[in-house]
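Novice: Got a structure for you, written out below as structure tokens; questions coming shortly.
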Amino acid sequence: MDKLPTRNKLLHHFYEHWRPQLGTETIPIDEAEGRICAKSYQSGNQIPLVRSSAFDGIAVKSASFSDGMPDTSVWIKDQDFCRADTGDDFPDEFDTVIRIEAVTFLPESGVKLDLSKEPVPGEGVRTSGSFMSKNDELVKEGDILTPLSLTSLLAGGYTTVEVKARPRVVFLPTGSELIKPGTPLTRGKNIETNGSLIKMIMSKWGADVTCLPICYDNHDSLRNAIFTALDSADILIVNGGSSKGNEDFTVHLLEKESSFFTHGVRCVPGRPAVFSLIQDKPVINLPGPPAAALAVLSWGIKDLYYHAMGSDAPHSYQEVILTETVSGAGPFDLYQRLFLYKKDGQIYGKPFSMKDSNAEVNQYCNGYTILHSDQSYLAGSPILADRLFSSVR
């Protein structure tokens, strides 16, 4: 057991051998949310170009107040003052803006001002470049583009952005016991559901996942399916055959064909996962049980997918209160599935055990935490959890 790597060591060792070769593409900014920026961008604009009003009001000449409050009832519009709403430029002879809430427009021409003190030069005025200066850094290579950073690019003068191409992900289910969803279930058969699980979760990351037909347990058929899939895949996920069963051909085939190969990780479920490289492409062998597949997807494949684009994987960590006592799994870390729910303004995490039915877990599981082998948390303790899906009930 001591020879099995931890999750972090496994990924670190894998990345030492893998050099992703993804290209880039230039896309419209309004299609770029969630994409990984391929290079740094600096602003080409200075905003405001000269100076502008900081709020709705009237622009005035500060010199008019040098001897105290003037008689503004005789002021003439566009000579002694002018309208200047938020973001407005205004004539250069005016240098100060008074909030509209302090202004009453008189029937004739002048105004009445409700001020506690005379305005000072430049008050209520945004200086040139106060919103954005030329050459300000807007985004850098590897940033995950958000609506806010994309609007900065628009303001900086860009309408397109260069992003990392997304890895093409191919999922290959294996096992003679598997049948397609919708096929009547018979003795000795299992419905293949992991492909849909992987595709739906990875699509939330923006991944384009192709699910191949089931490959039955035959060495030559499996080898042909893997190498055919690699023609169109940047990341290949092979599901099943990672353990030591009589028909677990996948692990032996990958060990023989790969330039890098590691079998097993010090975390359960998912212990027999394989991380390998064939043709300089990641080929990940997921264990068949859905809980194990979900675990390796969460801590491994997600990290790998974003690493391919030069970015760290985003997570939705939050502190939750445990409803039951939990602890690590002996020499192994434990991927602990959770039901996250809100009660009286507090987020709670109800842990599932291996005794819980798959139907119950699938109905309520929406988060997880990973417990180190020597960790234990009592019911009522706070713990950091990651959401699998966006909603907390």
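FYI, nothing fancy with the structure tokens labels: chains A, B, ... in order, residues from 1 per chain, ligands from 1 as they appear.
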According to DSSP computed on the backbone, where in stretch 343-372 of chain A is there helix (DSSP H, G or I)? Give the residues as a VMD selection string.

Specialist: chain A and resid 358 to 364

Novice: Include N, CA and C atoms and write out the residues we just selected as a short mmCIF file (atom, residue, chain, number, x, y, z; two decimals), in the first residue's frame.

Specialist:
```
data_model
loop_
_atom_site.label_atom_id
_atom_site.label_comp_id
_atom_site.auth_asym_id
_atom_site.auth_seq_id
_atom_site.Cartn_x
_atom_site.Cartn_y
_atom_site.Cartn_z
N ASN A 358 -27.55 2.94 -4.24
CA ASN A 358 -27.11 3.80 -5.34
C ASN A 358 -28.22 4.77 -5.74
N ALA A 359 -29.46 4.33 -5.65
CA ALA A 359 -30.59 5.20 -6.00
C ALA A 359 -30.65 6.40 -5.06
N GLU A 360 -30.45 6.17 -3.75
CA GLU A 360 -30.49 7.27 -2.79
C GLU A 360 -29.33 8.23 -3.01
N VAL A 361 -28.13 7.67 -3.20
CA VAL A 361 -26.96 8.51 -3.41
C VAL A 361 -27.13 9.36 -4.66
N ASN A 362 -27.58 8.76 -5.74
CA ASN A 362 -27.73 9.50 -6.99
C ASN A 362 -28.81 10.57 -6.89
N GLN A 363 -29.80 10.35 -6.04
CA GLN A 363 -30.87 11.34 -5.88
C GLN A 363 -30.40 12.57 -5.13
N TYR A 364 -29.53 12.37 -4.13
CA TYR A 364 -29.20 13.47 -3.23
C TYR A 364 -27.75 13.96 -3.29
#
```

Novice: Could you tell me, as a list in words, which residues of stretch 62-112 of chain A DSSP assigns to strand (DSSP E) when given the backbone?

Specialist: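 Filtering stretch 62-112 of chain A down to strand (DSSP E) leaves Phe81, Cys82, Arg83, Ala84, Thr96, Val97, Ile98, Arg99, Val103, Thr104, Phe105, Val111 and Lys112 of chain A.
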
Novice: When you count only C-alpha atoms, which of these residues is closest to A:Asp30: A:Tyr158, A:Tyr368, A:Trp299, A:Phe249?

Specialist: A:Tyr158

Novice: What's the 7 Å shell around A:Ser381, counting only C-alpha atoms, without same-chain residues fewer than 3 positions away, as a VMD selection string?

Specialist: chain A and resid 321 to 322 377 to 378

Novice: Taking 3 positions as the minimum chain separation for residues in the same chain, which residues sit within 6 Å of stretch 311-316 of chain A when counting only C-alpha atoms? Answer as a ChimeraX atom specification.

Specialist: /A:142,303,306-307,386-387

Novice: Could you save the residues just selected, with C-alpha atoms, as a PDB file, in the first residue's frame?

Specialist:
```pdb
ATOM      1  CA  GLY A 142      -4.208  30.860 -18.393  1.00  0.00           C
ATOM      2  CA  ASP A 303      -7.450  18.611 -12.985  1.00  0.00           C
ATOM      3  CA  TYR A 306      -7.764  22.092 -17.250  1.00  0.00           C
ATOM      4  CA  HIS A 307      -4.030  21.390 -17.102  1.00  0.00           C
ATOM      5  CA  ASP A 386     -16.672  20.945  -3.079  1.00  0.00           C
ATOM      6  CA  ARG A 387     -19.935  21.150  -4.967  1.00  0.00           C
TER       7      ARG A 387
END
```

Novice: Mind pulling up the distance from atom CA of A:Ile201 to atom CA of A:Gly345?

Specialist: 27.6 Å

Novice: Can you list every residue of stretch 21-92 of chain A that has an atom at most 12 Å from stretch 228-243 of chain A, with its nearest atom pair and the distance in Å to one decimal, using only C-alpha atoms, ordered by chain then number, as JSON lines?

Specialist:
```
{"residue": "A:Gln21", "atom": "CA", "partner": "A:Asp234", "partner_atom": "CA", "distance": 8.8}
{"residue": "A:Leu22", "atom": "CA", "partner": "A:Asp234", "partner_atom": "CA", "distance": 8.2}
{"residue": "A:Gly23", "atom": "CA", "partner": "A:Asp234", "partner_atom": "CA", "distance": 11.2}
```

Novice: Now that the selection is made, can you save its residues with C-alpha atoms as a PDB file, in the first residue's frame?

Specialist:
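Saved file again-v5.pdb follows:
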```pdb
ATOM      1  CA  GLN A  21       0.081  20.079 -27.523  1.00  0.00           C
ATOM      2  CA  LEU A  22      -3.253  21.846 -27.880  1.00  0.00           C
ATOM      3  CA  GLY A  23      -3.521  24.756 -30.267  1.00  0.00           C
TER       4      GLY A  23
END
```

Novice: Compare A:Glu257, A:Glu33, A:Asp114, A:Glu123 by their minimum atom-to-atom distance to A:Ala59, counting only C-alpha atoms, and give me the closest one.

Specialist: A:Glu123

Novice: Do you know which residues are at most 12 Å from A:Pro382 counting only C-alpha atoms, after dropping those on the same chain fewer than 5 positions away, and could you put them as an MDAnalysis selection string?

Specialist: chainID A and resid 318:326 346:350 369 376:377

Novice: Keeping only C-alpha atoms, write the selected residues as a short mmCIF file (atom, residue, chain, number, x, y, z; two decimals), in the first residue's frame.

Specialist:
```
data_model
loop_
_atom_site.label_atom_id
_atom_site.label_comp_id
_atom_site.auth_asym_id
_atom_site.auth_seq_id
_atom_site.Cartn_x
_atom_site.Cartn_y
_atom_site.Cartn_z
CA GLN A 318 -17.42 26.03 0.86
CA GLU A 319 -17.43 25.29 4.57
CA VAL A 320 -20.23 22.96 5.65
CA ILE A 321 -21.26 21.40 8.95
CA LEU A 322 -21.12 17.60 9.06
CA THR A 323 -24.25 15.83 10.25
CA GLU A 324 -22.40 12.58 11.05
CA THR A 325 -18.90 11.56 12.12
CA VAL A 326 -16.56 10.61 9.25
CA GLN A 346 -26.37 27.21 7.36
CA ILE A 347 -25.02 24.70 4.82
CA TYR A 348 -24.86 21.12 6.10
CA GLY A 349 -23.17 18.06 4.64
CA LYS A 350 -24.72 14.62 5.14
CA THR A 369 -14.89 16.15 0.42
CA SER A 376 -11.47 12.15 11.45
CA TYR A 377 -14.27 14.68 11.89
#
```

Novice: Using only C-alpha atoms, which of A:Val111, A:Val74, A:Val60, A:Ile383 sits nearest A:Gly124?

Specialist: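 Smallest separation from A:Gly124 among the options: A:Val60.
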